[in-house]
file coords-v4.txt (compact mmCIF, C-alpha atoms)
# COMPACT_ATOMS: atom_id res chain seq x y z
CA MET D 177 0.00 0.00 0.00
CA SER D 178 1.05 3.57 -0.51
CA ARG D 179 -0.26 7.10 -0.57
CA ASP D 180 -1.28 6.65 -4.23
CA THR D 181 -3.58 3.72 -3.51
CA ALA D 182 -4.86 4.61 -0.02
CA LEU D 183 -5.51 8.34 -0.20
CA VAL D 184 -7.30 10.82 -2.48
CA SER D 185 -7.05 14.60 -2.41
CA ALA D 186 -9.98 16.99 -2.03
CA ASP D 187 -9.36 18.16 -5.60
CA TRP D 188 -9.60 14.62 -6.94
CA ALA D 189 -12.74 14.02 -4.88
CA GLU D 190 -14.50 17.13 -6.12
CA LYS D 191 -13.83 16.06 -9.72
CA ASN D 192 -15.16 12.54 -9.10
CA LEU D 193 -18.34 13.20 -7.14
CA GLU D 194 -20.49 11.77 -9.92
CA THR D 195 -18.16 9.09 -11.26
CA PRO D 196 -19.99 5.74 -11.47
CA GLY D 197 -18.60 3.04 -9.23
CA ILE D 198 -17.28 5.51 -6.66
CA VAL D 199 -19.20 5.83 -3.38
CA PHE D 200 -18.44 8.63 -0.91
CA VAL D 201 -19.19 7.71 2.69
CA GLU D 202 -19.12 10.10 5.65
CA VAL D 203 -18.33 8.31 8.90
CA ASP D 204 -18.78 9.95 12.26
CA GLU D 205 -19.75 9.30 15.81
CA ASP D 206 -22.05 12.30 15.79
CA THR D 207 -23.83 12.32 12.43
CA THR D 208 -25.52 15.71 12.95
CA ALA D 209 -22.64 17.16 10.92
CA TYR D 210 -23.75 15.05 7.95
CA ASP D 211 -27.35 16.10 8.42
CA GLY D 212 -26.32 19.77 8.42
CA GLY D 213 -24.42 19.43 5.15
CA HIS D 214 -22.20 16.84 3.48
CA ILE D 215 -20.21 16.22 0.32
CA PRO D 216 -22.71 15.95 -2.57
CA GLY D 217 -23.71 12.34 -3.16
CA ALA D 218 -22.16 11.02 0.05
CA ILE D 219 -24.04 8.55 2.24
CA LYS D 220 -23.46 8.29 5.99
CA ILE D 221 -22.37 5.57 8.35
CA ASP D 222 -22.85 6.12 12.07
CA TRP D 223 -19.86 4.85 14.01
CA LYS D 224 -21.94 3.86 17.00
CA THR D 225 -25.28 2.62 15.64
CA ASP D 226 -23.99 1.10 12.39
CA LEU D 227 -20.53 -0.19 13.23
CA GLN D 228 -20.87 -1.40 16.85
CA ASP D 229 -22.75 -4.50 17.92
CA PRO D 230 -25.82 -3.33 19.88
CA VAL D 231 -25.40 -5.97 22.60
CA ARG D 232 -21.92 -7.45 22.81
CA ARG D 233 -18.94 -5.19 23.45
CA ASP D 234 -17.49 -5.65 19.97
CA PHE D 235 -17.93 -4.25 16.51
CA VAL D 236 -20.20 -5.68 13.81
CA ASN D 237 -19.39 -9.19 12.61
CA GLN D 238 -19.02 -10.44 9.03
CA GLU D 239 -22.78 -10.94 8.53
CA GLN D 240 -23.67 -7.58 10.08
CA PHE D 241 -21.10 -5.79 7.94
CA SER D 242 -22.40 -7.52 4.80
CA LYS D 243 -25.97 -6.47 5.62
CA LEU D 244 -24.97 -2.88 6.42
CA LEU D 245 -23.19 -2.37 3.11
CA SER D 246 -25.88 -4.22 1.14
CA ASP D 247 -28.57 -2.02 2.67
CA ARG D 248 -26.57 1.14 1.90
CA GLY D 249 -26.14 0.11 -1.72
CA ILE D 250 -22.40 -0.58 -1.67
CA GLY D 251 -21.15 -3.49 -3.79
CA ASN D 252 -17.91 -5.46 -3.48
CA ASP D 253 -16.58 -3.85 -6.66
CA ASP D 254 -17.30 -0.23 -5.68
CA THR D 255 -14.49 2.16 -4.88
CA VAL D 256 -15.30 3.51 -1.42
CA ILE D 257 -14.01 6.96 -0.42
CA LEU D 258 -14.27 7.52 3.33
CA TYR D 259 -14.15 10.86 5.10
CA GLY D 260 -15.36 12.43 8.33
CA GLY D 261 -14.81 14.95 11.10
CA ASN D 262 -12.30 14.70 13.95
CA ASN D 263 -9.44 14.69 11.44
CA ASN D 264 -10.78 11.49 9.86
CA TRP D 265 -10.52 9.43 13.07
CA PHE D 266 -13.76 7.57 12.51
CA ALA D 267 -13.25 7.43 8.75
CA ALA D 268 -9.87 5.76 9.42
CA TYR D 269 -11.61 3.40 11.83
CA ALA D 270 -14.14 2.48 9.13
CA TYR D 271 -11.27 2.10 6.63
CA TRP D 272 -9.75 -0.45 8.98
CA TYR D 273 -13.09 -2.35 9.04
CA PHE D 274 -13.27 -2.33 5.23
CA LYS D 275 -9.75 -3.79 5.12
CA LEU D 276 -10.53 -6.25 7.92
CA TYR D 277 -13.52 -7.54 5.94
CA GLY D 278 -11.54 -7.71 2.71
CA HIS D 279 -12.94 -4.85 0.64
CA GLY D 280 -10.98 -4.43 -2.59
CA ASP D 281 -10.80 -0.70 -3.16
CA VAL D 282 -11.17 1.72 -0.25
CA LYS D 283 -9.46 5.08 0.24
CA LEU D 284 -9.47 8.00 2.66
CA LEU D 285 -10.19 11.56 1.60
CA ASP D 286 -7.10 13.47 2.78
CA GLY D 287 -8.12 16.10 5.33
CA GLY D 288 -11.70 14.87 5.65
CA ARG D 289 -14.46 17.34 6.47
CA LYS D 290 -12.03 19.91 7.87
CA LYS D 291 -10.01 20.39 4.69
CA TRP D 292 -13.27 20.41 2.68
CA GLU D 293 -14.67 23.11 4.99
CA LEU D 294 -11.53 25.26 5.09
CA ASP D 295 -11.29 25.07 1.28
CA ALA D 296 -14.92 26.30 1.14
CA ARG D 297 -15.92 23.39 -1.10
CA PRO D 298 -19.62 22.61 -1.68
CA TYR D 299 -21.94 20.89 0.79
CA THR D 300 -25.49 19.68 0.29
CA LYS D 301 -28.31 18.58 2.58
CA ASP D 302 -29.78 16.32 -0.13
CA ILE D 303 -29.82 12.68 0.90
CA PRO D 304 -28.87 10.41 -2.02
CA THR D 305 -30.85 7.27 -2.72
CA ARG D 306 -28.92 4.14 -3.61
CA ALA D 307 -30.57 0.86 -4.61
CA ALA D 308 -29.74 -2.00 -2.25
CA ALA D 309 -26.80 -4.12 -3.33
CA THR D 310 -25.54 -7.58 -2.47
CA TYR D 311 -22.39 -7.22 -0.44
CA VAL D 312 -20.46 -10.24 0.77
CA ALA D 313 -17.83 -9.51 3.40
CA LYS D 314 -14.83 -11.82 3.66
CA ALA D 315 -13.75 -13.55 6.87
CA PRO D 316 -12.08 -11.03 9.21
CA ASP D 317 -8.37 -10.53 8.55
CA LEU D 318 -7.04 -10.77 12.09
CA SER D 319 -3.52 -9.91 10.96
CA ILE D 320 -4.52 -6.26 11.46
CA ARG D 321 -6.47 -6.61 14.74
CA ALA D 322 -4.78 -7.08 18.12
CA PHE D 323 -6.48 -8.55 21.21
CA ARG D 324 -5.58 -7.97 24.83
CA ASP D 325 -3.51 -11.11 25.53
CA GLU D 326 -1.40 -10.36 22.51
CA VAL D 327 -0.90 -6.81 23.76
CA VAL D 328 0.21 -7.95 27.21
CA ALA D 329 2.62 -10.42 25.54
CA ALA D 330 3.98 -7.60 23.38
CA ILE D 331 5.31 -5.60 26.35
CA GLY D 332 9.05 -5.23 25.84
CA GLU D 333 8.87 -7.39 22.70
CA LYS D 334 7.04 -5.49 19.94
CA ASN D 335 6.56 -1.84 19.09
CA LEU D 336 3.67 -0.54 21.16
CA VAL D 337 2.58 2.88 19.97
CA ASP D 338 0.36 4.93 22.26
CA VAL D 339 -1.24 7.58 20.05
CA ARG D 340 -3.19 9.46 22.76
CA SER D 341 -2.23 12.94 23.91
CA PRO D 342 0.84 13.26 26.19
CA ASP D 343 -1.36 13.91 29.25
CA GLU D 344 -3.39 10.76 28.64
CA PHE D 345 -0.16 8.78 28.12
CA ALA D 346 1.25 10.02 31.41
CA GLY D 347 -1.97 9.32 33.30
CA ARG D 348 -2.74 12.98 33.99
CA LEU D 349 -5.92 12.82 31.87
CA LEU D 350 -8.18 9.81 31.28
CA ALA D 351 -9.84 11.02 28.08
CA PRO D 352 -9.26 13.56 25.33
CA ALA D 353 -9.72 17.10 26.61
CA HIS D 354 -12.98 17.73 24.77
CA LEU D 355 -14.65 15.06 26.93
CA PRO D 356 -15.53 14.97 30.63
CA GLN D 357 -12.87 13.16 32.62
CA GLU D 358 -14.98 10.88 34.79
CA GLN D 359 -13.95 7.36 33.80
CA SER D 360 -13.71 4.18 35.83
CA GLN D 361 -10.43 2.82 34.53
CA ARG D 362 -6.90 3.56 35.75
CA GLY D 363 -4.74 6.15 34.05
CA GLY D 364 -1.32 5.61 32.46
CA HIS D 365 0.00 3.56 29.56
CA ILE D 366 1.16 0.07 28.62
CA PRO D 367 4.77 -0.33 29.79
CA THR D 368 7.39 0.09 27.02
CA ALA D 369 4.88 1.86 24.73
CA ILE D 370 6.29 4.87 22.93
CA SER D 371 4.21 8.02 22.88
CA VAL D 372 3.48 9.32 19.38
CA PRO D 373 0.22 11.29 19.50
CA TRP D 374 -1.87 10.67 16.36
CA SER D 375 -1.78 14.43 15.75
CA LYS D 376 1.95 14.26 14.94
CA ALA D 377 0.97 12.57 11.68
CA ALA D 378 -1.45 15.29 10.59
CA ASN D 379 -1.11 18.84 9.39
CA GLU D 380 -3.27 21.51 10.97
CA ASP D 381 -5.82 21.24 8.14
CA GLY D 382 -6.25 17.52 8.81
CA THR D 383 -4.23 16.25 5.84
CA PHE D 384 -1.47 13.70 6.40
CA LYS D 385 2.14 14.84 6.53
CA SER D 386 4.56 13.76 3.79
CA ASP D 387 6.00 10.24 3.80
CA ALA D 388 9.46 11.67 4.57
CA ASP D 389 8.14 13.61 7.57
CA LEU D 390 6.16 10.61 8.81
CA THR D 391 9.14 8.26 8.54
CA LYS D 392 11.25 10.71 10.56
CA ILE D 393 8.57 11.22 13.25
CA TYR D 394 8.18 7.51 14.05
CA GLY D 395 11.89 6.82 13.64
CA ASP D 396 12.83 9.62 16.05
CA ALA D 397 10.23 8.33 18.52
CA GLY D 398 11.97 4.95 18.62
CA LEU D 399 9.80 2.78 16.39
CA ASP D 400 11.92 -0.27 15.49
CA GLY D 401 11.33 -1.16 11.83
CA SER D 402 12.45 -4.75 12.37
CA LYS D 403 9.65 -5.47 14.85
CA ASP D 404 5.89 -5.94 14.59
CA THR D 405 3.79 -3.02 15.76
CA ILE D 406 0.57 -2.59 17.74
CA ALA D 407 -1.09 0.84 17.93
CA TYR D 408 -3.64 1.78 20.58
CA CYS D 409 -5.49 4.81 21.97
CA ARG D 410 -8.59 5.00 24.15
CA ILE D 411 -11.29 3.31 22.03
CA GLY D 412 -9.39 2.38 18.86
CA GLU D 413 -10.28 5.13 16.40
CA ARG D 414 -7.30 7.48 16.86
CA SER D 415 -5.07 4.40 16.65
CA SER D 416 -6.80 3.48 13.36
CA HIS D 417 -5.50 6.82 12.11
CA THR D 418 -1.93 5.84 13.09
CA TRP D 419 -2.44 2.25 11.85
CA PHE D 420 -3.40 3.81 8.50
CA VAL D 421 -0.23 5.89 8.47
CA LEU D 422 2.12 3.03 9.33
CA LYS D 423 0.49 0.27 7.27
CA GLU D 424 -1.20 2.03 4.37
CA LEU D 425 0.94 5.12 3.79
CA LEU D 426 4.39 3.93 4.89
CA GLY D 427 3.76 0.30 3.90
CA GLN D 428 5.10 -1.31 7.06
CA GLU D 429 4.43 -5.02 7.48
CA ASN D 430 2.63 -6.46 10.49
CA VAL D 431 0.91 -3.45 12.01
CA LYS D 432 -2.14 -4.14 14.16
CA ASN D 433 -4.75 -1.91 15.70
CA TYR D 434 -5.71 -2.76 19.29
CA ASP D 435 -9.30 -1.56 19.23
CA GLY D 436 -9.91 -2.56 22.86
CA SER D 437 -7.34 0.14 23.63
CA TRP D 438 -7.18 1.93 26.96
CA THR D 439 -10.84 1.49 27.89
CA GLU D 440 -10.15 -2.24 27.95
CA TYR D 441 -6.51 -2.33 29.07
CA GLY D 442 -6.96 0.26 31.82
CA SER D 443 -9.82 -1.80 33.26
CA LEU D 444 -8.03 -5.18 33.31
CA ILE D 445 -7.18 -6.67 36.69
CA GLY D 446 -3.52 -7.32 37.31
CA VAL D 447 -1.85 -6.01 34.15
CA PRO D 448 1.18 -3.73 34.46
CA ILE D 449 0.71 0.03 33.95
CA ALA D 450 3.38 2.71 33.60
CA LEU D 451 2.83 6.29 34.77
CA GLY D 452 4.57 9.45 33.62
CA ASP D 453 6.10 10.61 30.36
CA GLU D 454 8.63 7.77 29.87
CA PRO D 455 7.81 4.38 28.26
CA GLY D 456 8.75 2.50 31.43
CA LYS D 457 10.24 -0.98 31.87
CA ALA D 458 8.86 -4.38 30.89
CA MET B 204 -29.61 9.70 24.88
CA THR B 205 -26.78 11.62 26.46
CA SER B 206 -26.10 9.57 29.55
CA PRO B 207 -22.57 9.81 30.95
CA SER B 208 -21.88 6.24 29.86
CA ASN B 209 -22.63 7.24 26.29
CA ILE B 210 -20.28 10.18 26.52
CA ALA B 211 -17.55 7.83 27.71
CA ASP B 212 -18.22 5.45 24.81
CA GLY B 213 -16.89 7.62 22.04
CA CYS B 214 -14.15 10.05 21.35
CA ALA B 215 -15.95 12.59 19.17
CA ALA B 216 -16.81 15.99 20.56
CA PRO B 217 -20.27 16.35 22.06
CA ASP B 218 -22.65 19.12 20.93
CA GLN B 219 -20.76 22.30 21.80
CA SER B 220 -23.87 24.40 22.44
CA ALA B 221 -25.54 21.92 24.80
CA PRO B 222 -25.51 22.75 28.52
CA ILE B 223 -22.74 21.07 30.51
CA PRO B 224 -24.20 17.67 31.51
CA ALA B 225 -25.39 17.51 35.13
CA SER B 226 -23.06 14.56 35.69
CA VAL B 227 -20.02 16.78 35.17
CA ASP B 228 -18.62 17.80 38.55
CA LEU B 229 -17.40 21.41 38.26
CA GLN B 230 -15.61 21.04 41.59
CA LYS B 231 -13.27 18.63 39.79
CA GLU B 232 -13.38 19.59 36.11
CA THR B 233 -11.46 22.43 34.48
CA VAL B 234 -13.70 23.68 31.70
CA ILE B 235 -12.34 26.09 29.07
CA THR B 236 -15.20 27.55 27.06
CA GLY B 237 -15.88 30.57 24.88
CA THR B 238 -17.00 31.96 21.54
CA VAL B 239 -15.07 32.39 18.30
CA THR B 240 -15.76 35.75 16.69
CA SER B 241 -14.71 37.28 13.39
CA ALA B 242 -12.95 40.61 12.93
CA GLU B 243 -16.44 42.11 12.51
CA GLY B 244 -17.42 40.72 15.90
CA GLU B 245 -19.78 38.07 14.57
CA ALA B 246 -19.88 34.53 15.98
CA VAL B 247 -18.12 32.02 13.71
CA ALA B 248 -19.92 28.69 13.39
CA GLY B 249 -18.04 25.64 12.14
CA ALA B 250 -14.60 26.91 13.20
CA TYR B 251 -12.02 24.29 14.21
CA VAL B 252 -10.70 25.08 17.69
CA ARG B 253 -7.76 23.14 19.03
CA LEU B 254 -6.38 23.02 22.55
CA LEU B 255 -2.57 22.91 22.73
CA ASP B 256 -0.71 22.09 25.95
CA SER B 257 2.07 24.18 27.50
CA THR B 258 4.61 22.65 25.09
CA GLY B 259 2.44 23.47 22.08
CA GLU B 260 1.40 19.83 21.65
CA PHE B 261 -2.08 19.11 20.28
CA THR B 262 -4.48 17.94 22.98
CA ALA B 263 -7.98 18.16 21.52
CA GLU B 264 -10.07 19.76 18.81
CA VAL B 265 -13.76 20.67 18.52
CA VAL B 266 -15.97 22.38 15.95
CA THR B 267 -17.86 25.46 17.12
CA SER B 268 -21.65 25.37 17.42
CA PRO B 269 -23.97 27.50 15.26
CA GLN B 270 -23.47 30.20 17.95
CA GLY B 271 -19.68 29.94 17.66
CA VAL B 272 -19.32 28.21 21.04
CA PHE B 273 -16.58 25.72 21.98
CA ARG B 274 -15.76 23.84 25.19
CA PHE B 275 -12.89 21.73 26.53
CA PHE B 276 -12.44 19.65 29.65
CA ALA B 277 -8.79 20.20 30.56
CA ALA B 278 -6.74 20.49 33.74
CA PRO B 279 -5.46 23.55 35.65
CA GLY B 280 -2.47 25.12 33.90
CA THR B 281 -1.36 27.03 30.82
CA TRP B 282 -2.99 26.20 27.49
CA THR B 283 -3.17 27.70 24.02
CA LEU B 284 -6.36 27.86 21.98
CA ARG B 285 -6.01 27.99 18.21
CA ALA B 286 -8.89 28.45 15.76
CA LEU B 287 -9.01 27.77 12.00
CA SER B 288 -12.00 28.88 9.96
CA ARG B 289 -13.16 30.16 6.61
CA SER B 290 -13.08 33.64 8.24
CA GLY B 291 -9.40 33.27 9.16
CA ASN B 292 -7.33 32.01 12.07
CA GLY B 293 -6.63 33.13 15.65
CA GLU B 294 -4.76 32.14 18.80
CA LEU B 295 -5.05 32.83 22.54
CA ALA B 296 -3.13 31.78 25.68
CA VAL B 297 -5.22 30.71 28.68
CA ASP B 298 -4.30 30.21 32.34
CA ALA B 299 -6.99 27.81 33.43
CA THR B 300 -8.09 27.05 36.97
CA ARG B 301 -10.59 24.53 38.28
CA GLY B 302 -14.19 25.33 37.35
CA VAL B 303 -15.39 27.21 34.29
CA ASN B 304 -12.88 29.42 32.44
CA GLU B 305 -14.65 31.62 29.91
CA VAL B 306 -12.66 33.25 27.09
CA GLY B 307 -13.19 35.02 23.78
CA LEU B 308 -11.24 33.97 20.68
CA SER B 309 -11.17 36.20 17.63
CA VAL B 310 -10.08 35.18 14.14
CA ALA B 311 -8.97 37.28 11.20
CA ALA B 312 -7.74 36.59 7.69
CA ALA B 313 -3.93 36.54 7.54
call {"tool": "encode", "arguments": {"input": "coords-v4.txt", "output": "structure tokens"}}
result
Amino acid sequence: MSRDTALVSADWAEKNLETPGIVFVEVDEDTTAYDGGHIPGAIKIDWKTDLQDPVRRDFVNQEQFSKLLSDRGIGNDDTVILYGGNNNWFAAYAYWYFKLYGHGDVKLLDGGRKKWELDARPYTKDIPTRAAATYVAKAPDLSIRAFRDEVVAAIGEKNLVDVRSPDEFAGRLLAPAHLPQEQSQRGGHIPTAISVPWSKAANEDGTFKSDADLTKIYGDAGLDGSKDTIAYCRIGERSSHTWFVLKELLGQENVKNYDGSWTEYGSLIGVPIALGDEPGKA
Amino acid sequence: MTSPSNIADGCAAPDQSAPIPASVDLQKETVITGTVTSAEGEAVAGAYVRLLDSTGEFTAEVVTSPQGVFRFFAAPGTWTLRALSRSGNGELAVDATRGVNEVGLSVAAA
């Protein structure tokens, strides 16, 4: 994978809004942004109600994902262009799902809603209608998803990349600063994890930094290219953003997203936790 | 539904114009809130406001409400607010203390 296959620019997107076989999908946790105006022709996927299982603490399974995309009129052969708010966090999370369930051609819109807004590109409130399709998801590709036991075993062995803000890493905050801080789990980070906030990978307008800049950022932070990597955050969407950078833009092998992330790890009984700004010892 | 458990579920910014939820304890929280205004003094909706820590590192970002309002839950200390919008950009340093810290943030074309 590379920037050419995984990413499209806002210019490219605006020229291809009506191209057959290309489906624009806005993905957000709060879909009121979509309702107030979205990229012409784009459909929406709600991170919470569409992509999470309503009962189990897990995301939608193979059958649920197949039904969701069939209902929304997305076929296996469509090129899917994902974008959203929050610097594409949830769009990157959805991208990871599309890859996990084996979709052929999926890309992120560089800069997402923010770049589109700052460029003063067009929005519409018109809701497109798409005929239902028959989508068949593949079996989940677990080579890109990490589970908790694997994460505990990775301490001191693999690259662990904590992509939360420095204060969350150190244990001074339990959630991003736009959210209330009352949470039940313990603060801190997984011992030996390096701190590379997701925001290091993005420009102020939400676009990704250049490959050369990205390579330097993770190299300087101590990411060992000879080892497998697991990225995590609080609930797995900011780490999808970093997973996208490492796996899809920089083309590193064996990069997993730990979607359980800190809400799971910080609630586990008996696992080691490091406090403060340093990675800590295994 | 806007129960506290739902807030904790996600990472996206809640509605910026909604009242602070009753479950938020202002004895413990450090809230930084305010309005983004243009050079003409009008509220700027849809501006991107980011909270940077004392080292200039990104901490969080929200989009202003139709009334131009933003809100962060931070910690006591020195922060920088930075706004990007179609009306231009702006920046402001804030010394926050526990409770509600109300500020004004103006933007202007460069």
call {"tool": "residues_around", "arguments": {"input": "coords-v4.txt", "residues": "Gly382 in chain D", "least_positions_apart": "2", "cutoff": "9 Å", "atoms": "all atoms listed in the file", "output": "MDAnalysis selection string"}}
result
chainID D and resid 262:264 286:291 375 378:380 384
call {"tool": "interface_residues", "arguments": {"input": "coords-v4.txt", "of": "chain B", "to": "chain D", "cutoff": "7 Å", "atoms": "only C-alpha atoms", "output": "MDAnalysis selection string"}}
result
chainID B and resid 215:216 227 261:265 274:277 288:289
call {"tool": "closest_atom_pairs", "arguments": {"input": "coords-v4.txt", "of": "range 307-386 of chain D", "to": "range 398-403 of chain D", "cutoff": "10 Å", "atoms": "all atoms listed in the file", "output": "Markdown table"}}
result
| residue | atom | partner | partner_atom | distance |
| --- | --- | --- | --- | --- |
| D:Glu333 | CA | D:Lys403 | CA | 8.1 |
| D:Lys334 | CA | D:Lys403 | CA | 5.7 |
| D:Asn335 | CA | D:Leu399 | CA | 6.3 |
| D:Leu336 | CA | D:Leu399 | CA | 8.4 |
| D:Val337 | CA | D:Leu399 | CA | 8.1 |
| D:Ala369 | CA | D:Leu399 | CA | 9.7 |
| D:Ile370 | CA | D:Gly398 | CA | 7.1 |
| D:Ser371 | CA | D:Gly398 | CA | 9.4 |
| D:Val372 | CA | D:Leu399 | CA | 9.6 |
call {"tool": "residues_near_point", "arguments": {"input": "coords-v4.txt", "point": "(-5.2, 32.5, 21.7)", "cutoff": "7 Å", "atoms": "all atoms listed in the file", "output": "NGL selection string"}}
result
:B and (283-285 or 293-296 or 308)
call {"tool": "residues_around", "arguments": {"input": "coords-v4.txt", "residues": "range 280-282 of chain D", "least_positions_apart": "2", "cutoff": "8 Å", "atoms": "only C-alpha atoms", "output": "list in words"}}
result
Ala182, Asn252, Asp253, Asp254, Thr255, Val256, Ile257, Leu258, Tyr271, Phe274, Lys275, Gly278 and Leu284 of chain D
call {"tool": "atom_distance", "arguments": {"input": "coords-v4.txt", "atom1": "CA of Ile221 in chain D", "atom2": "CA of Asp187 in chain D"}}
result
22.9 Å
call {"tool": "decode", "arguments": {"input": "coords-v4.txt", "residues": "range 287-308 of chain B", "atoms": "N, CA and C atoms", "output": "mmCIF file, in the first residue's frame"}}
result
data_model
loop_
_atom_site.group_PDB
_atom_site.id
_atom_site.type_symbol
_atom_site.label_atom_id
_atom_site.label_comp_id
_atom_site.auth_asym_id
_atom_site.auth_seq_id
_atom_site.Cartn_x
_atom_site.Cartn_y
_atom_site.Cartn_z
ATOM 1 N N LEU B 287 -9.090 27.677 13.462
ATOM 2 C CA LEU B 287 -9.008 27.769 12.000
ATOM 3 C C LEU B 287 -10.431 27.887 11.480
ATOM 4 N N SER B 288 -10.661 28.774 10.526
ATOM 5 C CA SER B 288 -12.001 28.885 9.961
ATOM 6 C C SER B 288 -11.935 29.513 8.591
ATOM 7 N N ARG B 289 -13.080 29.489 7.905
ATOM 8 C CA ARG B 289 -13.163 30.160 6.613
ATOM 9 C C ARG B 289 -12.948 31.660 6.777
ATOM 10 N N SER B 290 -13.228 32.198 7.996
ATOM 11 C CA SER B 290 -13.078 33.636 8.244
ATOM 12 C C SER B 290 -11.665 34.007 8.656
ATOM 13 N N GLY B 291 -10.776 33.004 8.757
ATOM 14 C CA GLY B 291 -9.399 33.267 9.164
ATOM 15 C C GLY B 291 -9.043 32.499 10.419
ATOM 16 N N ASN B 292 -7.838 32.761 10.934
ATOM 17 C CA ASN B 292 -7.327 32.008 12.071
ATOM 18 C C ASN B 292 -7.054 32.927 13.263
ATOM 19 N N GLY B 293 -6.923 32.337 14.450
ATOM 20 C CA GLY B 293 -6.627 33.127 15.648
ATOM 21 C C GLY B 293 -6.054 32.254 16.737
ATOM 22 N N GLU B 294 -5.439 32.883 17.738
ATOM 23 C CA GLU B 294 -4.764 32.139 18.802
ATOM 24 C C GLU B 294 -4.873 32.906 20.112
ATOM 25 N N LEU B 295 -4.901 32.192 21.235
ATOM 26 C CA LEU B 295 -5.052 32.833 22.540
ATOM 27 C C LEU B 295 -4.442 31.934 23.617
ATOM 28 N N ALA B 296 -3.659 32.537 24.538
ATOM 29 C CA ALA B 296 -3.130 31.781 25.676
ATOM 30 C C ALA B 296 -4.117 31.867 26.833
ATOM 31 N N VAL B 297 -4.262 30.756 27.575
ATOM 32 C CA VAL B 297 -5.223 30.705 28.682
ATOM 33 C C VAL B 297 -4.540 30.122 29.918
ATOM 34 N N ASP B 298 -4.692 30.801 31.061
ATOM 35 C CA ASP B 298 -4.296 30.212 32.341
ATOM 36 C C ASP B 298 -5.551 29.689 33.003
ATOM 37 N N ALA B 299 -5.740 28.394 32.956
ATOM 38 C CA ALA B 299 -6.994 27.812 33.429
ATOM 39 C C ALA B 299 -6.887 27.384 34.884
ATOM 40 N N THR B 300 -7.988 27.560 35.606
ATOM 41 C CA THR B 300 -8.090 27.051 36.971
ATOM 42 C C THR B 300 -9.315 26.159 37.047
ATOM 43 N N ARG B 301 -9.463 25.434 38.152
ATOM 44 C CA ARG B 301 -10.587 24.525 38.284
ATOM 45 C C ARG B 301 -11.912 25.281 38.162
ATOM 46 N N GLY B 302 -12.903 24.664 37.566
ATOM 47 C CA GLY B 302 -14.186 25.328 37.353
ATOM 48 C C GLY B 302 -14.296 25.780 35.908
ATOM 49 N N VAL B 303 -15.156 26.756 35.659
ATOM 50 C CA VAL B 303 -15.390 27.213 34.289
ATOM 51 C C VAL B 303 -14.516 28.424 33.959
ATOM 52 N N ASN B 304 -13.720 28.316 32.915
ATOM 53 C CA ASN B 304 -12.884 29.423 32.441
ATOM 54 C C ASN B 304 -13.455 29.909 31.104
ATOM 55 N N GLU B 305 -14.005 31.126 31.110
ATOM 56 C CA GLU B 305 -14.653 31.618 29.907
ATOM 57 C C GLU B 305 -13.746 32.607 29.183
ATOM 58 N N VAL B 306 -13.565 32.407 27.865
ATOM 59 C CA VAL B 306 -12.656 33.246 27.087
ATOM 60 C C VAL B 306 -13.321 33.639 25.770
ATOM 61 N N GLY B 307 -12.759 34.655 25.128
ATOM 62 C CA GLY B 307 -13.193 35.020 23.783
ATOM 63 C C GLY B 307 -12.022 34.796 22.825
ATOM 64 N N LEU B 308 -12.301 34.295 21.638
ATOM 65 C CA LEU B 308 -11.236 33.971 20.680
ATOM 66 C C LEU B 308 -11.609 34.578 19.347
#
